[in-house]
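Pasted below: coords14.txt, compact mmCIF, C-alpha atoms.
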# COMPACT_ATOMS: atom_id res chain seq x y z
CA MET D 150 22.72 -20.30 11.17
CA GLN D 151 21.15 -19.08 7.91
CA SER D 152 23.09 -16.40 6.08
CA SER D 153 21.40 -13.10 5.22
CA ILE D 154 20.57 -12.74 1.53
CA ILE D 155 19.46 -9.12 2.09
CA GLU D 156 21.21 -6.93 4.63
CA THR D 157 21.28 -3.25 5.48
CA ARG D 158 23.64 -1.63 7.97
CA GLY D 159 23.05 1.78 9.55
CA LEU D 160 20.64 2.77 6.78
CA ASN D 161 19.36 6.34 7.06
CA PHE D 162 17.15 8.22 4.63
CA ALA D 163 15.41 11.59 4.57
CA PHE D 164 13.55 13.51 1.88
CA GLN D 165 14.36 17.17 1.19
CA THR D 166 12.06 18.32 3.99
CA GLY D 167 14.70 17.02 6.39
CA GLN D 168 12.30 14.62 8.12
CA LYS D 169 14.05 11.29 8.72
CA ILE D 170 12.18 8.42 7.05
CA LEU D 171 14.65 5.68 8.07
CA ASN D 172 16.79 5.78 11.18
CA ASP D 173 19.76 3.39 11.54
CA LEU D 174 17.93 0.47 9.87
CA ASN D 175 19.73 -2.89 10.19
CA LEU D 176 17.68 -5.39 8.20
CA GLN D 177 18.68 -9.07 7.95
CA VAL D 178 16.63 -11.31 5.65
CA PRO D 179 17.75 -14.97 5.89
CA ALA D 180 18.17 -16.97 2.67
CA GLY D 181 15.15 -19.22 2.02
CA SER D 182 12.82 -17.26 4.32
CA ILE D 183 9.51 -15.49 3.92
CA TYR D 184 10.34 -12.25 5.74
CA GLY D 185 7.28 -10.27 6.81
CA PHE D 186 8.23 -6.58 6.95
CA LEU D 187 5.56 -5.11 9.21
CA GLY D 188 4.63 -1.60 10.18
CA PRO D 189 1.81 0.95 10.13
CA ASN D 190 1.26 3.07 7.02
CA GLY D 191 4.05 5.66 6.77
CA ALA D 192 6.48 3.61 8.88
CA GLY D 193 9.14 3.49 6.13
CA LYS D 194 8.41 0.10 4.54
CA THR D 195 8.06 1.21 0.90
CA THR D 196 11.02 3.59 1.20
CA THR D 197 13.16 0.67 2.41
CA LEU D 198 12.06 -1.55 -0.48
CA ARG D 199 12.73 1.22 -3.01
CA LEU D 200 16.23 1.65 -1.58
CA LEU D 201 16.86 -2.12 -1.84
CA LEU D 202 15.94 -1.97 -5.53
CA GLY D 203 18.00 1.13 -6.23
CA LEU D 204 14.88 3.17 -7.01
CA LEU D 205 15.97 5.71 -4.40
CA LYS D 206 19.55 6.80 -3.89
CA LYS D 207 21.10 5.60 -0.64
CA GLN D 208 22.21 8.46 1.61
CA GLU D 209 23.85 6.86 4.65
CA GLY D 210 24.67 3.28 5.52
CA ASP D 211 25.19 0.14 3.46
CA ILE D 212 22.94 -2.16 1.40
CA ALA D 213 24.08 -5.66 0.43
CA LEU D 214 22.23 -8.39 -1.47
CA PHE D 215 23.68 -11.86 -2.14
CA GLY D 216 26.74 -10.69 -0.17
CA LYS D 217 27.48 -7.90 -2.67
CA HIS D 218 27.21 -4.13 -2.27
CA LEU D 219 24.24 -2.75 -4.19
CA ARG D 220 25.99 0.40 -5.34
CA ALA D 221 28.87 -1.43 -7.05
CA ASN D 222 26.88 -4.40 -8.36
CA ARG D 223 23.41 -2.98 -9.08
CA LEU D 224 22.71 -4.55 -12.49
CA GLU D 225 24.06 -7.96 -11.50
CA ILE D 226 21.96 -7.92 -8.32
CA LEU D 227 18.74 -6.73 -10.00
CA ARG D 228 18.92 -9.62 -12.50
CA ARG D 229 18.45 -11.95 -9.54
CA ILE D 230 15.45 -10.08 -8.05
CA GLY D 231 11.77 -9.87 -8.99
CA SER D 232 9.64 -7.12 -7.47
CA LEU D 233 6.17 -5.66 -7.15
CA ILE D 234 6.14 -2.20 -5.56
CA GLU D 235 2.76 -0.64 -4.76
CA GLN D 236 0.25 -1.00 -7.64
CA PRO D 237 0.87 -3.43 -10.55
CA SER D 238 2.14 -1.67 -13.71
CA LEU D 239 0.15 -3.39 -16.46
CA TYR D 240 -0.91 -2.57 -20.02
CA LEU D 241 -4.67 -2.78 -19.51
CA HIS D 242 -5.48 -2.85 -23.26
CA LEU D 243 -3.35 -6.00 -23.69
CA THR D 244 -4.17 -9.55 -22.64
CA GLY D 245 -2.39 -11.22 -19.75
CA LYS D 246 -0.26 -13.19 -22.19
CA GLU D 247 0.59 -10.07 -24.22
CA ASN D 248 1.65 -8.25 -21.04
CA LEU D 249 4.02 -11.09 -20.26
CA GLU D 250 5.42 -11.03 -23.81
CA VAL D 251 6.28 -7.32 -23.48
CA PHE D 252 8.24 -7.96 -20.29
CA ARG D 253 9.75 -11.20 -21.63
CA LEU D 254 11.41 -9.20 -24.41
CA THR D 255 12.81 -6.83 -21.78
CA TYR D 256 14.13 -9.68 -19.65
CA GLN D 257 15.29 -11.60 -22.76
CA CYS D 258 14.12 -14.91 -21.36
CA ASN D 259 12.78 -18.01 -23.14
CA LYS D 260 9.25 -17.81 -24.56
CA ILE D 261 8.33 -21.01 -22.71
CA ARG D 262 8.46 -19.01 -19.45
CA ILE D 263 5.17 -17.26 -20.32
CA ASN D 264 3.07 -20.42 -19.99
CA GLU D 265 5.14 -21.59 -17.03
CA VAL D 266 4.45 -18.47 -14.96
CA LEU D 267 0.79 -18.30 -16.06
CA GLN D 268 0.38 -21.87 -14.82
CA LEU D 269 2.20 -21.06 -11.61
CA VAL D 270 -0.02 -18.09 -10.68
CA GLY D 271 -3.22 -19.82 -11.84
CA LEU D 272 -4.00 -17.56 -14.81
CA MET D 273 -3.79 -20.03 -17.72
CA GLN D 274 -7.57 -19.86 -18.27
CA ALA D 275 -7.47 -16.04 -18.35
CA ALA D 276 -4.31 -15.75 -20.47
CA ASN D 277 -6.15 -14.31 -23.51
CA LYS D 278 -8.42 -12.01 -21.52
CA LYS D 279 -7.62 -8.28 -21.53
CA ALA D 280 -5.99 -7.11 -18.31
CA LYS D 281 -8.61 -4.33 -17.91
CA ASN D 282 -11.19 -7.10 -17.35
CA TYR D 283 -9.13 -8.78 -14.63
CA SER D 284 -10.20 -8.54 -10.99
CA LEU D 285 -7.75 -6.78 -8.63
CA GLY D 286 -6.57 -10.18 -7.37
CA MET D 287 -5.92 -11.38 -10.93
CA LYS D 288 -3.99 -8.19 -11.72
CA GLN D 289 -1.89 -8.78 -8.62
CA ARG D 290 -1.14 -12.36 -9.68
CA LEU D 291 -0.28 -11.21 -13.21
CA ALA D 292 2.15 -8.68 -11.75
CA ILE D 293 3.76 -11.46 -9.68
CA ALA D 294 3.95 -13.60 -12.86
CA ILE D 295 5.84 -10.74 -14.58
CA ALA D 296 8.20 -10.55 -11.58
CA LEU D 297 8.84 -14.31 -11.94
CA LEU D 298 9.55 -14.33 -15.69
CA HIS D 299 13.34 -14.29 -15.36
CA ASP D 300 13.21 -16.87 -12.53
CA PRO D 301 14.66 -14.63 -9.77
CA GLU D 302 16.09 -15.98 -6.52
CA VAL D 303 14.48 -13.21 -4.44
CA LEU D 304 11.03 -11.63 -4.62
CA ILE D 305 10.33 -8.22 -3.06
CA LEU D 306 6.59 -7.59 -2.70
CA ASP D 307 5.11 -4.37 -1.32
CA GLU D 308 1.69 -4.89 0.32
CA PRO D 309 0.65 -7.59 -2.22
CA THR D 310 -2.71 -8.27 -0.51
CA ASN D 311 -3.66 -4.59 -0.11
CA GLY D 312 -7.21 -3.92 -1.32
CA LEU D 313 -7.95 -7.56 -2.17
CA ASP D 314 -11.15 -9.37 -1.21
CA PRO D 315 -10.85 -12.41 1.13
CA ASN D 316 -10.47 -14.85 -1.79
CA GLY D 317 -7.78 -12.69 -3.38
CA ILE D 318 -5.91 -12.48 -0.08
CA ILE D 319 -5.95 -16.27 0.36
CA GLU D 320 -4.86 -16.89 -3.26
CA THR D 321 -1.95 -14.44 -2.99
CA ARG D 322 -0.88 -15.80 0.40
CA GLU D 323 -0.92 -19.41 -0.84
CA LEU D 324 1.04 -18.42 -3.95
CA ILE D 325 3.73 -16.77 -1.81
CA LYS D 326 4.00 -19.88 0.38
CA GLN D 327 4.17 -22.14 -2.69
CA LEU D 328 6.93 -20.05 -4.30
CA ASN D 329 8.95 -20.35 -1.10
CA ARG D 330 8.23 -24.01 -0.37
CA GLU D 331 8.39 -25.55 -3.84
CA PHE D 332 10.72 -23.19 -5.70
CA GLY D 333 13.01 -22.04 -2.90
CA LYS D 334 12.38 -18.33 -3.41
CA THR D 335 13.40 -15.95 -0.63
CA ILE D 336 10.50 -13.51 -0.28
CA LEU D 337 10.50 -10.12 1.42
CA VAL D 338 6.88 -9.05 1.79
CA SER D 339 5.73 -5.82 3.41
CA SER D 340 2.38 -5.43 5.13
CA HIS D 341 0.58 -3.47 7.85
CA LEU D 342 -1.50 -6.55 8.76
CA LEU D 343 0.14 -8.78 11.37
CA ALA D 344 -2.63 -11.40 11.21
CA GLU D 345 -1.95 -11.89 7.49
CA VAL D 346 1.85 -12.05 7.82
CA GLU D 347 1.51 -14.50 10.72
CA LYS D 348 -0.14 -16.98 8.34
CA MET D 349 2.81 -17.14 5.93
CA ALA D 350 6.05 -15.63 7.32
CA THR D 351 8.99 -17.52 8.78
CA HIS D 352 10.68 -14.30 9.95
CA VAL D 353 9.40 -10.88 10.95
CA GLY D 354 10.76 -7.35 11.12
CA ILE D 355 8.64 -4.64 12.74
CA ILE D 356 9.32 -1.02 11.76
CA ASN D 357 7.74 2.18 13.04
CA LYS D 358 8.76 5.79 12.42
CA GLY D 359 11.80 4.55 10.49
CA LYS D 360 13.18 2.42 13.34
CA LEU D 361 13.37 -1.37 13.42
CA LEU D 362 11.75 -2.31 16.73
CA PHE D 363 11.81 -6.11 16.41
CA GLN D 364 13.57 -8.60 14.14
CA GLY D 365 13.66 -12.38 14.36
CA SER D 366 11.85 -15.60 13.58
CA LEU D 367 8.08 -15.82 13.85
CA GLN D 368 8.71 -18.30 16.68
CA LYS D 369 10.72 -15.64 18.54
CA LEU D 370 7.81 -13.20 18.21
CA GLN D 371 5.40 -15.87 19.43
CA ASN D 372 7.69 -16.59 22.40
CA LEU D 373 7.60 -12.88 23.22
CA GLN D 374 3.82 -13.14 23.13
CA SER D 375 3.93 -16.16 25.44
CA LYS D 376 6.10 -14.28 27.97
CA GLN D 377 3.43 -11.60 28.18
CA SER D 378 0.71 -14.17 28.92
CA ALA D 379 -0.83 -14.36 32.39
CA ILE D 380 -2.71 -16.80 34.62
CA GLU D 381 -6.02 -15.66 36.06
CA ILE D 382 -7.28 -17.62 39.07
CA GLU D 383 -10.67 -17.37 40.74
CA VAL D 384 -10.71 -18.55 44.36
CA ASN D 385 -12.91 -18.44 47.43
CA ASP D 386 -10.40 -16.39 49.47
CA ALA D 387 -8.04 -14.14 47.47
CA GLU D 388 -6.20 -12.84 50.54
CA ARG D 389 -5.43 -16.36 51.77
CA ALA D 390 -4.44 -17.44 48.23
CA GLN D 391 -1.98 -14.54 47.96
CA GLN D 392 -0.37 -15.49 51.30
CA VAL D 393 0.00 -19.12 50.14
CA LEU D 394 1.52 -18.19 46.79
CA GLN D 395 3.77 -15.27 47.65
CA GLU D 396 6.88 -17.31 48.54
CA GLN D 397 6.91 -19.29 45.27
CA PHE D 398 4.90 -17.17 42.82
CA ALA D 399 4.74 -13.45 42.03
CA VAL D 400 1.16 -12.21 42.26
CA LYS D 401 0.76 -9.23 39.90
CA GLN D 402 -2.75 -8.18 40.81
CA VAL D 403 -5.65 -9.02 43.12
CA ASN D 404 -9.15 -8.05 42.05
CA GLY D 405 -11.97 -9.28 44.27
CA THR D 406 -11.80 -13.08 44.21
CA ARG D 407 -9.39 -13.15 41.23
CA LEU D 408 -5.58 -13.15 41.17
CA LEU D 409 -3.36 -12.44 38.19
CA LEU D 410 0.12 -13.95 37.85
CA ASN D 411 2.71 -14.20 35.07
CA TYR D 412 2.40 -17.40 33.05
CA GLU D 413 5.57 -19.51 33.27
CA SER D 414 4.73 -23.01 32.03
CA ARG D 415 2.06 -25.71 32.16
CA GLU D 416 4.01 -27.49 34.89
CA ARG D 417 4.22 -24.36 37.06
CA SER D 418 0.49 -23.78 36.58
CA ALA D 419 -0.19 -27.31 37.86
CA GLN D 420 2.09 -26.70 40.89
CA LEU D 421 0.27 -23.45 41.64
CA ASN D 422 -3.12 -25.17 41.55
CA LYS D 423 -1.91 -28.07 43.71
CA LEU D 424 -0.40 -25.72 46.30
CA LEU D 425 -3.63 -23.75 46.69
CA VAL D 426 -5.77 -26.89 47.08
CA GLN D 427 -3.34 -28.42 49.61
CA GLN D 428 -3.54 -25.22 51.69
CA GLY D 429 -7.34 -25.34 51.75
CA VAL D 430 -8.05 -22.69 49.11
CA ASP D 431 -10.91 -23.55 46.76
CA VAL D 432 -9.94 -22.93 43.11
CA TYR D 433 -13.01 -22.20 41.02
CA GLN D 434 -11.25 -21.37 37.79
CA LEU D 435 -7.71 -21.20 36.37
CA ALA D 436 -7.14 -19.84 32.88
CA VAL D 437 -4.24 -18.62 30.75
CA THR D 438 -4.97 -15.24 29.19
CA GLN D 439 -2.76 -14.62 26.16
CA ASN D 440 -1.69 -11.29 24.80
CA ASP D 441 -2.52 -11.97 21.15
CA LEU D 442 0.02 -11.08 18.48
CA GLU D 443 -2.10 -8.22 17.19
CA ASN D 444 -2.02 -6.53 20.62
CA LEU D 445 1.70 -7.28 20.90
CA PHE D 446 2.25 -5.61 17.51
CA LEU D 447 0.34 -2.54 18.69
CA GLN D 448 2.40 -2.41 21.89
CA ILE D 449 5.68 -2.67 19.98
CA THR D 450 4.73 0.01 17.44
CA ALA D 451 3.48 2.31 20.22
CA GLN D 452 7.09 2.67 21.40
Would you mind writing the file out in structure tokens?
Amino acid sequence: MQSSIIETRGLNFAFQTGQKILNDLNLQVPAGSIYGFLGPNGAGKTTTLRLLLGLLKKQEGDIALFGKHLRANRLEILRRIGSLIEQPSLYLHLTGKENLEVFRLTYQCNKIRINEVLQLVGLMQAANKKAKNYSLGMKQRLAIAIALLHDPEVLILDEPTNGLDPNGIIETRELIKQLNREFGKTILVSSHLLAEVEKMATHVGIINKGKLLFQGSLQKLQNLQSKQSAIEIEVNDAERAQQVLQEQFAVKQVNGTRLLLNYESRERSAQLNKLLVQQGVDVYQLAVTQNDLENLFLQITAQ
């Protein structure tokens, strides 16, 4: 089993108003994963990321990264993390290359890293262009390049595709996948768009109103989706079909000539069809209706 490179235990946080922003948050980000941290706006995603980076002071609970407590090892831990929280902080009057040079001096890393990260994020051709003339997608990629300068093991990205056009979204998504696949970066990426996270994440955490409602692999979430799928059958005699099926299958609903049952497997669907035909029921149509992940996300966050 993969070890957790980022972990929180019983994390609680509230601003001075007394309203709880995080409630007993137990986050586990496996090493080598792309962890999609999902939730509606205001769910507590950015607050969590700020706490992980020490930008907000922890109130209750524990935060550990690389197996070390954040509070006691903050500087050591932060040297191993790159981050982009909310909007990119860039010097718009400087070129892309000049922006990187400013941060390189802060990180005290080798000058060769500037061209390496520009190449990596696909900005070599725009290196000498002023940042104010960059598109939003280019600014986002430059900010990720800055986060990569010191070659961190972990990247924490807050809504990196927010506000981007379709091309910018695809470019950013592919960059995240490349950083994980080719360079072994563990990436924690927050988003309110399940469809986008589904295209790149290996693991998912779903938060709403400060509570973690689901955590696990993308496969586990997809299995949950599969369990909520149903079989819809159209027959010539629904009453007779229900009588035939009731001993071996649970009929959820009968509507006119249609029956709805829980989907179990392809094999069980074949058995169901065979049984009806053998008992003289004409089957006009048999289809699996899936509860798509977007609807599942809405159901989970409605809790």
Item to check | Sphere at (19.4, -8.3, 1.9), radius 9 Å, counting all atoms listed in the file: residues as a ChimeraX atom specification | outcome: /D:153-157,176-180,201,212-216
Checklist entry - Out of D:Ile234, D:Asp211, D:Ala379, D:Leu370, which residue has the shortest atom-to-atom distance to Gln402 of chain D when counting all atoms listed in the file? => result D:Ala379
Checklist entry - From the list D:Asn311, D:Gln392, D:Asn385, D:Ser340, which residue is nearest Phe186 of chain D when using all atoms listed in the file? => result D:Ser340
Next on the checklist: What's around His299 of chain D at 9 Å? Count all atoms listed in the file, leave out sequence neighbours fewer than 2 positions away in its own chain, and write the answer as a PyMOL selection string.
Outcome noted: chain D and resi 228-231+253+256-259+262+295-297+301
Checklist entry - Hey, can you check how far atom CA of Ile449 of chain D sits from atom CA of Lys358 of chain D? => result 11.8 Å
Checklist outcome for this item: Pairwise distance, atom CA of Ile336 of chain D with atom CA of Lys376 of chain D, equals 28.6 Å
Checklist entry - Which is closer to Ile226 of chain D than all the others in D:Val430, D:Leu202, D:Val437, D:Ile170, using all atoms listed in the file? => result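 Residue with the minimum atom-to-atom distance to Ile226 of chain D: D:Leu202.
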Next on the checklist: Quick one: residues within 9 Å of Gly203 of chain D, all atoms listed in the file, excluding same-chain residues fewer than 6 positions away - as a ChimeraX atom specification?
Outcome noted: /D:219-220,223,227
Next on the checklist: Using only C-alpha atoms, which protein or nucleic acid residues come within 6 Å of His352 of chain D? Drop anything in the same chain fewer than 4 positions from it, and give the result as a VMD selection string.
Outcome noted: chain D and resid 184 365 to 367
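Taking all atoms listed in the file into account, Ala294 of chain D lies nearest to D:Leu324 out of the set D:Ile318, D:Leu171, D:Val432, D:Leu324.
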Using the partial input, fill out segment 381-392 of chain D with all heavy atoms; write the result as a short mmCIF file (atom, residue, chain, number, x, y, z; two decimals), in the coordinates of the input.
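Dumped to out39.cif:
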data_model
loop_
_atom_site.label_atom_id
_atom_site.label_comp_id
_atom_site.auth_asym_id
_atom_site.auth_seq_id
_atom_site.Cartn_x
_atom_site.Cartn_y
_atom_site.Cartn_z
N GLU D 381 -4.96 -16.26 35.23
CA GLU D 381 -6.02 -15.66 36.06
C GLU D 381 -6.68 -16.78 36.86
O GLU D 381 -7.11 -17.79 36.29
CB GLU D 381 -7.05 -14.96 35.17
CG GLU D 381 -8.05 -14.15 35.99
CD GLU D 381 -9.03 -13.39 35.10
OE1 GLU D 381 -9.73 -14.04 34.31
OE2 GLU D 381 -9.08 -12.15 35.21
N ILE D 382 -6.70 -16.60 38.18
CA ILE D 382 -7.28 -17.62 39.07
C ILE D 382 -8.43 -17.03 39.85
O ILE D 382 -8.32 -15.93 40.40
CB ILE D 382 -6.24 -18.13 40.10
CG1 ILE D 382 -4.89 -18.41 39.43
CG2 ILE D 382 -6.73 -19.37 40.81
CD1 ILE D 382 -3.75 -18.48 40.40
N GLU D 383 -9.53 -17.77 39.91
CA GLU D 383 -10.67 -17.37 40.74
C GLU D 383 -10.73 -18.32 41.94
O GLU D 383 -10.73 -19.55 41.76
CB GLU D 383 -11.98 -17.42 39.95
CG GLU D 383 -13.15 -16.87 40.74
CD GLU D 383 -14.46 -16.91 39.96
OE1 GLU D 383 -14.46 -17.39 38.82
OE2 GLU D 383 -15.48 -16.48 40.55
N VAL D 384 -10.74 -17.74 43.13
CA VAL D 384 -10.71 -18.55 44.36
C VAL D 384 -11.78 -18.07 45.35
O VAL D 384 -12.40 -17.03 45.14
CB VAL D 384 -9.31 -18.45 45.03
CG1 VAL D 384 -8.24 -19.10 44.16
CG2 VAL D 384 -8.94 -16.99 45.33
N ASN D 385 -11.92 -18.83 46.42
CA ASN D 385 -12.91 -18.44 47.43
C ASN D 385 -12.37 -17.38 48.38
O ASN D 385 -13.12 -16.59 48.97
CB ASN D 385 -13.39 -19.66 48.22
CG ASN D 385 -12.27 -20.29 49.06
OD1 ASN D 385 -11.11 -20.28 48.65
ND2 ASN D 385 -12.63 -20.84 50.23
N ASP D 386 -11.01 -17.34 48.54
CA ASP D 386 -10.40 -16.39 49.47
C ASP D 386 -9.11 -15.85 48.83
O ASP D 386 -8.04 -16.49 48.93
CB ASP D 386 -10.09 -17.10 50.79
CG ASP D 386 -9.59 -16.15 51.88
OD1 ASP D 386 -9.13 -15.04 51.53
OD2 ASP D 386 -9.65 -16.53 53.06
N ALA D 387 -9.19 -14.70 48.20
CA ALA D 387 -8.04 -14.14 47.47
C ALA D 387 -6.90 -13.78 48.40
O ALA D 387 -5.72 -13.96 48.07
CB ALA D 387 -8.49 -12.94 46.67
N GLU D 388 -7.24 -13.25 49.59
CA GLU D 388 -6.20 -12.84 50.54
C GLU D 388 -5.38 -14.04 51.00
O GLU D 388 -4.15 -13.99 51.05
CB GLU D 388 -6.84 -12.14 51.74
CG GLU D 388 -5.82 -11.47 52.66
CD GLU D 388 -6.48 -10.72 53.82
OE1 GLU D 388 -7.68 -10.39 53.71
OE2 GLU D 388 -5.79 -10.49 54.83
N ARG D 389 -6.10 -15.12 51.33
CA ARG D 389 -5.43 -16.36 51.77
C ARG D 389 -4.59 -16.93 50.62
O ARG D 389 -3.45 -17.36 50.82
CB ARG D 389 -6.48 -17.37 52.23
CG ARG D 389 -5.98 -18.78 52.49
CD ARG D 389 -5.12 -18.86 53.71
NE ARG D 389 -4.66 -20.23 53.93
CZ ARG D 389 -3.47 -20.55 54.38
NH1 ARG D 389 -2.60 -19.61 54.70
NH2 ARG D 389 -3.13 -21.80 54.57
N ALA D 390 -5.14 -16.92 49.41
CA ALA D 390 -4.44 -17.44 48.23
C ALA D 390 -3.13 -16.67 48.00
O ALA D 390 -2.09 -17.26 47.70
CB ALA D 390 -5.33 -17.34 47.00
N GLN D 391 -3.17 -15.35 48.15
CA GLN D 391 -1.98 -14.54 47.96
C GLN D 391 -0.90 -14.88 48.98
O GLN D 391 0.29 -14.97 48.65
CB GLN D 391 -2.34 -13.05 48.05
CG GLN D 391 -1.19 -12.12 47.68
CD GLN D 391 -1.63 -10.65 47.62
OE1 GLN D 391 -2.72 -10.30 48.06
NE2 GLN D 391 -0.77 -9.81 47.06
N GLN D 392 -1.32 -15.11 50.25
CA GLN D 392 -0.37 -15.49 51.30
C GLN D 392 0.29 -16.83 50.97
O GLN D 392 1.50 -17.00 51.16
CB GLN D 392 -1.09 -15.58 52.65
CG GLN D 392 -1.51 -14.24 53.22
CD GLN D 392 -2.41 -14.38 54.44
OE1 GLN D 392 -2.81 -15.50 54.81
NE2 GLN D 392 -2.74 -13.26 55.08
#
